[in-house]
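Student: Take a look at this one; I'll ask things after.
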Amino acid sequence: MSILDITRRRLLQAGGLIVVSNMLPSISFAAEKIPNKNAAIPLNYVDSFIALAADGSVTAFNGHVDLGTGIRTSLAQIVADEIGVSFESVTMILGDPQSTPDQGPTIASATIQVTSIPLRHAAAQVRMQLTSLAAKALNVPMEAVRAQHGYVFVTAQPERRLSYAQLAKGQDLHFELDENVTLRPASEAIYVGKPIQRVDIRAKVTGELT
């Protein structure tokens, strides 16, 4: 399956889905907030940023493309750290007009400085939702659990844990992007700021990359 074939239906075939996106506004909202019918709909109301499926895999979406600067790798590092999964479990979908947010042209250093921000917020939201689901399932307050390495565990009893896959199974949860979600501190980074082998190099060397 091509990475561009990943759709909500295909992700749901894994048995569950937690998604954060910029949902389209209602007609009343649009009429109230966007009186000019020719005005562009704000970026925070269109398309998906991240999805976690019941097999534990994470699919993240960014409207920019990788022009050789390595953003497919860098964005995956950001997502993996924020959501709390392995780098290898993150698949990046870039610049596909049918599935990624319209985030404008890929230019200068805007991807990491600007368009990675809502993606990081979305990853944090998924982590918070998983934390909430786990706390309820384990019958403990949210403050007593922590999400990391694809699991949510009770801090004082690490053996009491649930995997992200277990928590996503059977779910079909869709949340609107929250720009005020609490992010992980930089001190907890595992991948960001560390040397990671770029995911595109092998395919470029062998001629597989399209």
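So you can find residues: chains in the structure tokens are A, B, ... in the order shown, residues in each start at 1, and ligands are numbered from 1 in order.
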Pick out each residue of region 80-137 of chain A that DSSP on the backbone tags as helix (DSSP H, G or I); I need them as a PyMOL selection string.
Tutor: chain A and resi 80-83+87-89+110-137
Student: Please provide as a list of chain:residue names all residues within 10 Å of Gly63 (chain A), with the sequence filter that same-chain residues fewer than 4 positions apart are discarded (counting only C-alpha atoms).
Tutor: A:Asp47, A:Phe49, A:Ile93, A:Leu94, A:Gly95, A:Asp96, A:Pro97, A:Ser99, A:Thr100, A:Pro101, A:Asp102, A:Gln103, A:Gly104, A:Pro105, A:Thr106, A:Thr111, A:Thr115, A:Ser116
Student: Which residue out of A:Val145, A:Ile201, A:Leu119, A:Ala54 has the minimum interatomic distance to Ser132 (chain A) when only C-alpha atoms are used?
Tutor: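 Nearest candidate to Ser132 (chain A) out of A:Val145, A:Ile201, A:Leu119, A:Ala54: A:Val145.
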Student: Determine, counting only C-alpha atoms, which protein, DNA and RNA residues have an atom within 8 Å of an atom of Thr59 (chain A); residues of the same chain fewer than 6 positions away are not included. Present the result as a ChimeraX atom specification.
Tutor: /A:50-52,90-93
Student: Need to verify the contact set: region 71-74 of chain A, 8 Å, only C-alpha atoms, exclusion of same-chain residues closer than 6 positions in sequence. Can you return it as a VMD selection string?
Tutor: chain A and resid 65 92 94 111 to 112 192 196 to 200
Student: Nearest residue to Arg184 (chain A) out of A:Gly170, A:Gly150, A:Pro118, A:Gly84, using only C-alpha atoms?
Tutor: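 That would be A:Gly84, the residue with the smallest distance to Arg184 (chain A).
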Student: List as a list in words the protein and nucleic acid residues near Val85 (chain A), meaning an atom at most 9 Å away when only C-alpha atoms are counted, but skip any in the same chain fewer than 5 places from it.
Tutor: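 Using only C-alpha atoms, the neighbours found are Gly56, Ser57, Val58, Val79, Ala80, Val90, Gln148, His149, Gly150, Tyr151 and Tyr164 of chain A.
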Student: Write out as a ChimeraX atom specification all residues of region 64-183 of chain A that DSSP puts in strand (DSSP E) for this structure's backbone.
Tutor: /A:90-94,145-148,151-154,157-163,172-176
Student: Just to confirm, what's the straight-line distance from CA of Val152 (chain A) to CA of Glu88 (chain A) in Å (one decimal)?
Tutor: 18.7 Å
Student: What does the structure give for the distance between CA of Tyr191 (chain A) and CA of Asp81 (chain A), in Å to one decimal?
Tutor: 6.3 Å
Student: Rank A:Ile190, A:Val20, A:Ala53, A:Ala110 by their smallest atom-to-atom distance to Asp178 (chain A), using only C-alpha atoms, and report the top residue only.
Tutor: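 Ranked by minimum distance to Asp178 (chain A), first place goes to A:Val20.
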